[in-house]
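So this block is protein.cif, mmCIF, C-alpha atoms:
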data_start
loop_
_atom_site.label_atom_id
_atom_site.label_comp_id
_atom_site.auth_asym_id
_atom_site.auth_seq_id
_atom_site.Cartn_x
_atom_site.Cartn_y
_atom_site.Cartn_z
CA MET A 23 72.17 16.51 -30.92
CA ARG A 24 71.65 13.43 -28.72
CA LYS A 25 72.20 15.53 -25.63
CA GLU A 26 69.52 18.01 -26.77
CA LEU A 27 67.06 15.16 -27.40
CA SER A 28 67.84 13.71 -23.99
CA ASN A 29 67.26 17.07 -22.31
CA GLU A 30 64.00 17.48 -24.19
CA LYS A 31 62.81 14.03 -23.01
CA GLU A 32 63.77 14.84 -19.43
CA THR A 33 61.89 18.14 -19.63
CA LYS A 34 58.77 16.38 -20.94
CA LYS A 35 59.03 13.78 -18.17
CA PHE A 36 59.34 16.52 -15.58
CA TYR A 37 56.28 18.39 -16.80
CA LYS A 38 54.29 15.15 -17.08
CA LYS A 39 55.12 14.25 -13.48
CA PHE A 40 54.38 17.81 -12.38
CA VAL A 41 50.93 17.76 -14.00
CA LEU A 42 50.15 14.34 -12.53
CA HIS A 43 51.20 15.43 -9.04
CA LEU A 44 49.20 18.64 -9.43
CA PHE A 45 46.05 16.72 -10.36
CA ALA A 46 46.62 14.27 -7.51
CA ALA A 47 46.99 17.15 -5.05
CA LEU A 48 43.85 18.85 -6.38
CA PHE A 49 41.91 15.58 -6.15
CA CYS A 50 43.01 15.13 -2.52
CA ILE A 51 42.03 18.69 -1.65
CA ILE A 52 38.61 18.30 -3.29
CA ALA A 53 38.08 14.94 -1.55
CA VAL A 54 38.90 16.45 1.87
CA VAL A 55 36.65 19.47 1.21
CA PHE A 56 33.76 17.21 0.18
CA LEU A 57 34.30 14.97 3.21
CA VAL A 58 34.32 17.88 5.66
CA PHE A 59 31.31 19.63 4.17
CA GLY A 60 29.53 16.31 3.60
CA ILE A 61 29.74 15.57 7.34
CA LYS A 62 28.50 19.07 8.16
CA GLY A 63 25.68 18.67 5.63
CA TYR A 64 24.65 15.31 7.06
CA SER A 65 24.46 16.84 10.54
CA MET A 66 22.36 19.71 9.17
CA TYR A 67 20.04 17.23 7.43
CA ARG A 68 19.59 15.10 10.57
CA ASP A 69 18.76 18.18 12.66
CA ALA A 70 16.26 19.39 10.06
CA VAL A 71 14.31 16.14 9.61
CA THR A 72 14.34 15.46 13.35
CA ALA A 73 12.79 18.85 14.06
CA TYR A 74 10.32 18.54 11.18
CA PRO A 75 9.98 14.89 10.07
CA ILE A 76 9.36 14.28 6.38
CA PRO A 77 5.97 12.53 6.94
CA GLN A 78 4.83 15.62 8.88
CA MET A 79 6.05 17.96 6.15
CA VAL A 80 4.31 15.95 3.43
CA SER A 81 1.05 15.71 5.37
CA SER A 82 1.09 19.45 6.09
CA ILE A 83 1.32 20.30 2.38
CA GLN A 84 -1.23 17.71 1.29
CA SER A 85 -3.79 19.05 3.78
CA ARG A 86 -3.66 22.61 2.43
CA GLU A 87 -6.74 24.15 0.89
CA HIS A 88 -6.79 23.83 -2.91
CA PHE A 89 -4.09 21.15 -2.92
CA VAL A 90 -3.96 19.93 -6.52
CA GLU A 91 -3.47 16.20 -7.04
CA TYR A 92 -1.40 14.74 -9.87
CA GLU A 93 -4.46 13.49 -11.78
CA GLU A 94 -5.87 17.04 -11.91
CA LEU A 95 -2.82 18.41 -13.72
CA PRO A 96 -2.77 18.62 -17.53
CA THR A 97 -0.36 16.08 -18.99
CA ILE A 98 1.30 18.77 -21.07
CA TYR A 99 2.01 20.79 -17.91
CA ILE A 100 3.64 17.77 -16.26
CA ASP A 101 5.74 17.13 -19.38
CA ALA A 102 6.74 20.79 -19.56
CA VAL A 103 7.86 20.99 -15.92
CA ILE A 104 9.90 17.79 -16.11
CA SER A 105 11.47 18.79 -19.44
CA VAL A 106 12.65 22.17 -18.24
CA GLU A 107 13.38 21.42 -14.57
CA ASP A 108 14.48 17.80 -14.26
CA LYS A 109 14.42 15.66 -17.40
CA ARG A 110 15.63 12.52 -15.58
CA PHE A 111 13.05 12.97 -12.80
CA GLU A 112 11.38 9.59 -13.36
CA ASN A 113 14.66 7.66 -13.13
CA HIS A 114 16.87 9.23 -10.44
CA CYS A 115 16.89 8.61 -6.68
CA GLY A 116 16.31 12.26 -5.82
CA VAL A 117 19.73 13.35 -7.04
CA ASP A 118 20.81 13.57 -10.67
CA PHE A 119 24.54 12.85 -10.49
CA ILE A 120 25.04 13.67 -14.17
CA THR A 121 23.61 17.16 -13.68
CA ILE A 122 25.44 17.67 -10.39
CA SER A 123 28.78 16.67 -11.95
CA ARG A 124 28.27 19.19 -14.73
CA ALA A 125 27.26 21.86 -12.23
CA VAL A 126 30.30 21.21 -10.03
CA TRP A 127 32.61 21.45 -13.04
CA ASN A 128 31.02 24.75 -14.13
CA ASP A 129 31.28 26.08 -10.55
CA ILE A 130 34.96 25.13 -10.39
CA LYS A 131 35.65 26.85 -13.72
CA ALA A 132 33.82 29.99 -12.58
CA MET A 133 35.26 29.80 -9.04
CA SER A 134 31.75 30.54 -7.81
CA PHE A 135 28.33 28.90 -7.30
CA VAL A 136 26.94 29.63 -10.76
CA GLU A 137 24.97 26.40 -11.24
CA GLY A 138 23.13 24.28 -8.71
CA GLY A 139 22.08 21.15 -10.54
CA SER A 140 19.08 20.62 -8.24
CA THR A 141 16.40 18.10 -9.11
CA ILE A 142 12.71 18.68 -8.42
CA THR A 143 13.11 16.62 -5.23
CA GLN A 144 16.10 18.69 -4.11
CA GLN A 145 14.16 21.89 -4.73
CA ILE A 146 11.41 20.68 -2.39
CA ALA A 147 14.03 19.80 0.24
CA LYS A 148 15.68 23.19 -0.08
CA ASN A 149 12.44 25.17 0.01
CA GLN A 150 10.89 23.28 2.92
CA TYR A 151 13.95 22.84 5.15
CA TYR A 152 16.77 25.20 4.29
CA THR A 153 17.62 28.75 3.29
CA GLN A 154 18.52 29.78 -0.25
CA GLU A 155 22.06 30.53 0.94
CA LYS A 156 24.67 29.04 -1.40
CA LYS A 157 26.86 27.02 0.95
CA LEU A 158 28.39 23.62 0.28
CA GLU A 159 27.17 22.07 3.52
CA ARG A 160 23.63 23.23 2.74
CA LYS A 161 23.90 21.55 -0.65
CA PHE A 162 24.88 18.26 0.98
CA ALA A 163 22.02 18.59 3.48
CA GLU A 164 19.64 19.14 0.55
CA ILE A 165 20.96 15.99 -1.16
CA PHE A 166 20.53 13.80 1.93
CA THR A 167 17.01 15.16 2.47
CA ALA A 168 16.06 14.58 -1.17
CA ILE A 169 17.18 10.95 -1.01
CA GLU A 170 15.09 10.37 2.12
CA LEU A 171 12.09 12.10 0.54
CA GLU A 172 12.32 9.76 -2.45
CA LYS A 173 12.23 6.78 -0.09
CA TYR A 174 9.05 8.04 1.56
CA CYS A 175 7.08 9.36 -1.43
CA SER A 176 6.23 8.16 -4.91
CA LYS A 177 7.29 10.22 -7.91
CA GLN A 178 3.73 11.46 -8.37
CA GLU A 179 3.55 12.58 -4.74
CA ILE A 180 6.87 14.40 -5.07
CA PHE A 181 5.65 16.17 -8.19
CA GLU A 182 2.49 17.20 -6.33
CA LEU A 183 4.55 18.61 -3.45
CA TYR A 184 6.63 20.62 -5.88
CA VAL A 185 3.86 22.22 -7.93
CA ASN A 186 1.72 22.94 -4.86
CA THR A 187 4.46 24.88 -3.07
CA ILE A 188 6.63 26.52 -5.73
CA TYR A 189 6.48 30.29 -6.22
CA PHE A 190 5.01 31.56 -9.51
CA GLY A 191 5.39 35.30 -8.98
CA ASP A 192 2.83 38.01 -8.14
CA GLY A 193 2.32 36.47 -4.69
CA TYR A 194 1.09 33.14 -6.08
CA TYR A 195 2.37 30.01 -4.33
CA GLY A 196 1.28 26.73 -5.85
CA ILE A 197 -0.23 25.81 -9.20
CA TYR A 198 -3.83 26.41 -8.08
CA ASP A 199 -3.29 30.04 -7.10
CA ALA A 200 -1.13 30.67 -10.19
CA ALA A 201 -3.69 29.21 -12.61
CA LYS A 202 -6.53 31.13 -10.93
CA GLY A 203 -4.57 34.33 -10.50
CA TYR A 204 -3.07 34.62 -13.97
CA PHE A 205 -5.79 33.00 -16.09
CA GLY A 206 -8.91 32.58 -13.95
CA ASN A 207 -8.88 28.82 -14.58
CA GLU A 208 -8.64 25.68 -12.49
CA PRO A 209 -5.35 23.87 -13.20
CA SER A 210 -7.26 21.12 -15.05
CA GLU A 211 -8.80 23.79 -17.35
CA LEU A 212 -5.51 25.35 -18.48
CA SER A 213 -4.91 25.58 -22.21
CA ASP A 214 -1.65 24.17 -23.59
CA TYR A 215 -0.27 27.70 -23.93
CA GLU A 216 -1.20 28.63 -20.35
CA ALA A 217 0.13 25.39 -18.91
CA ILE A 218 3.52 25.72 -20.61
CA LEU A 219 3.81 29.38 -19.71
CA LEU A 220 3.26 28.51 -16.04
CA ALA A 221 5.84 25.73 -16.24
CA GLY A 222 8.51 28.29 -17.03
CA LEU A 223 7.78 30.82 -14.29
CA PRO A 224 9.41 29.24 -11.19
CA ASN A 225 12.89 29.62 -12.74
CA ALA A 226 12.67 33.39 -12.12
CA PRO A 227 9.10 34.22 -11.05
CA SER A 228 9.55 37.95 -10.59
CA ALA A 229 11.29 38.39 -13.94
CA TYR A 230 8.92 36.17 -15.94
CA SER A 231 5.61 37.22 -14.39
CA PRO A 232 3.18 37.51 -17.36
CA SER A 233 1.27 40.33 -15.69
CA THR A 234 4.35 42.58 -15.47
CA ASN A 235 6.75 41.17 -18.07
CA PRO A 236 4.67 39.46 -20.79
CA GLU A 237 7.49 39.57 -23.35
CA LEU A 238 9.95 37.90 -20.99
CA ALA A 239 7.32 35.33 -20.03
CA HIS A 240 6.79 34.56 -23.72
CA SER A 241 10.56 34.25 -24.27
CA ARG A 242 10.84 31.88 -21.33
CA MET A 243 7.97 29.85 -22.76
CA LYS A 244 9.93 29.39 -25.99
CA ILE A 245 12.79 27.91 -23.93
CA VAL A 246 10.38 25.51 -22.23
CA LEU A 247 8.98 24.43 -25.60
CA SER A 248 12.49 23.85 -26.99
CA LYS A 249 13.29 21.63 -23.98
CA MET A 250 10.09 19.68 -24.58
CA VAL A 251 11.08 19.15 -28.19
CA GLU A 252 14.55 17.98 -27.06
CA CYS A 253 12.89 15.50 -24.68
CA ASP A 254 10.61 14.23 -27.48
CA VAL A 255 7.37 14.96 -25.63
CA ILE A 256 6.17 17.25 -28.44
CA THR A 257 7.31 17.92 -32.01
CA GLN A 258 8.65 21.21 -33.32
CA GLU A 259 5.45 21.62 -35.34
CA GLU A 260 3.32 21.16 -32.21
CA ALA A 261 5.47 23.72 -30.37
CA GLU A 262 4.89 26.26 -33.13
CA VAL A 263 1.13 25.64 -33.06
CA ILE A 264 1.03 26.20 -29.28
CA LEU A 265 2.88 29.50 -29.64
CA THR A 266 0.56 30.60 -32.45
CA ASP A 267 -2.59 29.64 -30.51
CA GLY A 268 -1.49 31.77 -27.60
CA LYS A 269 -1.15 34.98 -29.59
#

Just dump the structure as structure tokens.
Amino acid sequence: MRKELSNEKETKKFYKKFVLHLFAALFCIIAVVFLVFGIKGYSMYRDAVTAYPIPQMVSSIQSREHFVEYEELPTIYIDAVISVEDKRFENHCGVDFITISRAVWNDIKAMSFVEGGSTITQQIAKNQYYTQEKKLERKFAEIFTAIELEKYCSKQEIFELYVNTIYFGDGYYGIYDAAKGYFGNEPSELSDYEAILLAGLPNAPSAYSPSTNPELAHSRMKIVLSKMVECDVITQEEAEVILTDGK
């Protein structure tokens, strides 16, 4: 009996050591991978911002015709975009490490790039400097660029850059063209329903285009409203009123 207990203890010790060594090996592999691709990403970032400096990129966007400034945007539109795209936008340095950690874990579980975890700032960096190709070094380059962009611009300026360049479907780039094209209104004239609907489009602009897929656009709007309720920028009752008013 004692011998059996001893063997059982030894077996448990063996498996415990095996699991610990396995995790240590995996950690080392992940650390090396991140180091290698981090260096490649940093080089990609330096090449990109040297060829097209961030001040030049920002100035180029701000000088476009119909550039919409932060003060011209409805507050509910701003709240909707931040709630659904980047709820810690006001507090992070361009990178949301909580979201990225969750995305990395989900990618590891799926053994594929299924979740990006990009902030609003990272999306600007990606869209202005890099391709949409899902490569680890490109992700690192995007992160480095986002951090530099946050150093150069205020949060309001970053939000302006985002909404003035993002694609809304139907050939509309930027909030001005989207508001005019879909509803015939200036951005400042958007109703609550229109503003929240537009906030949901950039996630999948072709799929959610209200002119071709109104039901999907409405479904996406419900998701945006639920995120706004979660972030305490509107109540559930207010969300229901907005949906009702839009019918």

| message | With the PyMOL selection byres ((chain A and resi 178) around 12) as the selection, what would be picked from this file? Answer as a PyMOL selection string, please. | response | chain A and resi 90-95+100+104+111-112+142-143+172+174-177+179-185

With C-alpha atoms kept, could you save the residues just selected as a PDB file, in the coordinates of the input?
ATOM      1  CA  VAL A  90      -3.960  19.930  -6.520  1.00  0.00           C
ATOM      2  CA  GLU A  91      -3.470  16.200  -7.040  1.00  0.00           C
ATOM      3  CA  TYR A  92      -1.400  14.740  -9.870  1.00  0.00           C
ATOM      4  CA  GLU A  93      -4.460  13.490 -11.780  1.00  0.00           C
ATOM      5  CA  GLU A  94      -5.870  17.040 -11.910  1.00  0.00           C
ATOM      6  CA  LEU A  95      -2.820  18.410 -13.720  1.00  0.00           C
ATOM      7  CA  ILE A 100       3.640  17.770 -16.260  1.00  0.00           C
ATOM      8  CA  ILE A 104       9.900  17.790 -16.110  1.00  0.00           C
ATOM      9  CA  PHE A 111      13.050  12.970 -12.800  1.00  0.00           C
ATOM     10  CA  GLU A 112      11.380   9.590 -13.360  1.00  0.00           C
ATOM     11  CA  ILE A 142      12.710  18.680  -8.420  1.00  0.00           C
ATOM     12  CA  THR A 143      13.110  16.620  -5.230  1.00  0.00           C
ATOM     13  CA  GLU A 172      12.320   9.760  -2.450  1.00  0.00           C
ATOM     14  CA  TYR A 174       9.050   8.040   1.560  1.00  0.00           C
ATOM     15  CA  CYS A 175       7.080   9.360  -1.430  1.00  0.00           C
ATOM     16  CA  SER A 176       6.230   8.160  -4.910  1.00  0.00           C
ATOM     17  CA  LYS A 177       7.290  10.220  -7.910  1.00  0.00           C
ATOM     18  CA  GLU A 179       3.550  12.580  -4.740  1.00  0.00           C
ATOM     19  CA  ILE A 180       6.870  14.400  -5.070  1.00  0.00           C
ATOM     20  CA  PHE A 181       5.650  16.170  -8.190  1.00  0.00           C
ATOM     21  CA  GLU A 182       2.490  17.200  -6.330  1.00  0.00           C
ATOM     22  CA  LEU A 183       4.550  18.610  -3.450  1.00  0.00           C
ATOM     23  CA  TYR A 184       6.630  20.620  -5.880  1.00  0.00           C
ATOM     24  CA  VAL A 185       3.860  22.220  -7.930  1.00  0.00           C
TER      25      VAL A 185
END

Env of Leu247 of chain A: 10 Å cut, atoms = all atoms listed in the file, seq-sep filter 5 positions within chain, self excluded. Answer as a compact mmCIF listing (two decimals) with C-alpha atoms, in the frame of the given file.
# COMPACT_ATOMS: atom_id res chain seq x y z
CA ALA A 102 6.74 20.79 -19.56
CA SER A 105 11.47 18.79 -19.44
CA VAL A 106 12.65 22.17 -18.24
CA TYR A 215 -0.27 27.70 -23.93
CA ILE A 218 3.52 25.72 -20.61
CA LEU A 219 3.81 29.38 -19.71
CA ALA A 221 5.84 25.73 -16.24
CA GLY A 222 8.51 28.29 -17.03
CA ARG A 242 10.84 31.88 -21.33
CA GLU A 252 14.55 17.98 -27.06
CA CYS A 253 12.89 15.50 -24.68
CA VAL A 255 7.37 14.96 -25.63
CA ILE A 256 6.17 17.25 -28.44
CA THR A 257 7.31 17.92 -32.01
CA GLN A 258 8.65 21.21 -33.32
CA GLU A 260 3.32 21.16 -32.21
CA ALA A 261 5.47 23.72 -30.37
CA GLU A 262 4.89 26.26 -33.13
CA ILE A 264 1.03 26.20 -29.28
CA LEU A 265 2.88 29.50 -29.64

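Take the candidates A:Met66, A:Lys244, A:Tyr194, A:Ile165 and check each one against Val263 of chain A using all atoms listed in the file; the shortest distance goes to A:Lys244.
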
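Interatomic distance, atom CA of Val251 of chain A to atom CA of Ile98 of chain A: 12.1 Å.
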
Residue with the minimum atom-to-atom distance to Gly63 of chain A, picked from A:Ala217, A:Ala163, A:Leu212, A:Ile76 with only C-alpha atoms counted, is A:Ala163

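Pairwise distance (atom CA of Ala70 of chain A, atom CA of Lys157 of chain A) equals 15.9 Å.
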
Margin query: For the PyMOL selection byres ((chain A and resi 118) around 10), applied here, can you spell out every residue it catches as a ChimeraX atom specification?
Written below: /A:108-111,113-117,119-123,139-144,165

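Among A:Leu223, A:Val246, A:Ala229, A:Met79, the residue with the shortest atom-to-atom distance to Tyr151 of chain A, counting only C-alpha atoms, is A:Met79.
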
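Comparing the minimum interatomic distances between Phe190 of chain A and each of A:Lys148, A:Lys62, A:Arg68, A:Lys202, counting all atoms listed in the file, we find that A:Lys202 sits nearest.
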
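Between atom CA of His88 of chain A and atom CA of Pro209 of chain A lies a distance of 10.4 Å.
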
Residues matched by the PyMOL selection byres ((chain A and resi 201) around 10), written as a list in words: Phe190, Tyr194, Gly196, Ile197, Tyr198, Asp199, Ala200, Lys202, Gly203, Tyr204, Phe205, Gly206, Asn207, Glu208, Pro209, Ser210, Glu211, Leu212, Glu216, Ala217 and Leu220 of chain A

Using all atoms listed in the file, the best pick from A:Met250, A:Ala226, A:Val58, A:Ile188 as closest to Asp101 of chain A would be A:Met250

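Residues of protein, DNA and RNA with at least one atom no farther than 6 Å from (28.2, 19.2, 1.7) are, using all atoms listed in the file, A:Phe59, A:Gly60, A:Gly63, A:Leu158, A:Glu159, A:Lys161, A:Phe162.
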
Go ahead and save the residues from that selection, with C-alpha atoms, as a PDB file, in the coordinates of the input.
ATOM      1  CA  PHE A  59      31.310  19.630   4.170  1.00  0.00           C
ATOM      2  CA  GLY A  60      29.530  16.310   3.600  1.00  0.00           C
ATOM      3  CA  GLY A  63      25.680  18.670   5.630  1.00  0.00           C
ATOM      4  CA  LEU A 158      28.390  23.620   0.280  1.00  0.00           C
ATOM      5  CA  GLU A 159      27.170  22.070   3.520  1.00  0.00           C
ATOM      6  CA  LYS A 161      23.900  21.550  -0.650  1.00  0.00           C
ATOM      7  CA  PHE A 162      24.880  18.260   0.980  1.00  0.00           C
TER       8      PHE A 162
END

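Using all atoms listed in the file, the nearest neighbour of Asp267 of chain A within the list A:Leu238, A:Asp214, A:Pro224, A:Ser233 is A:Asp214.
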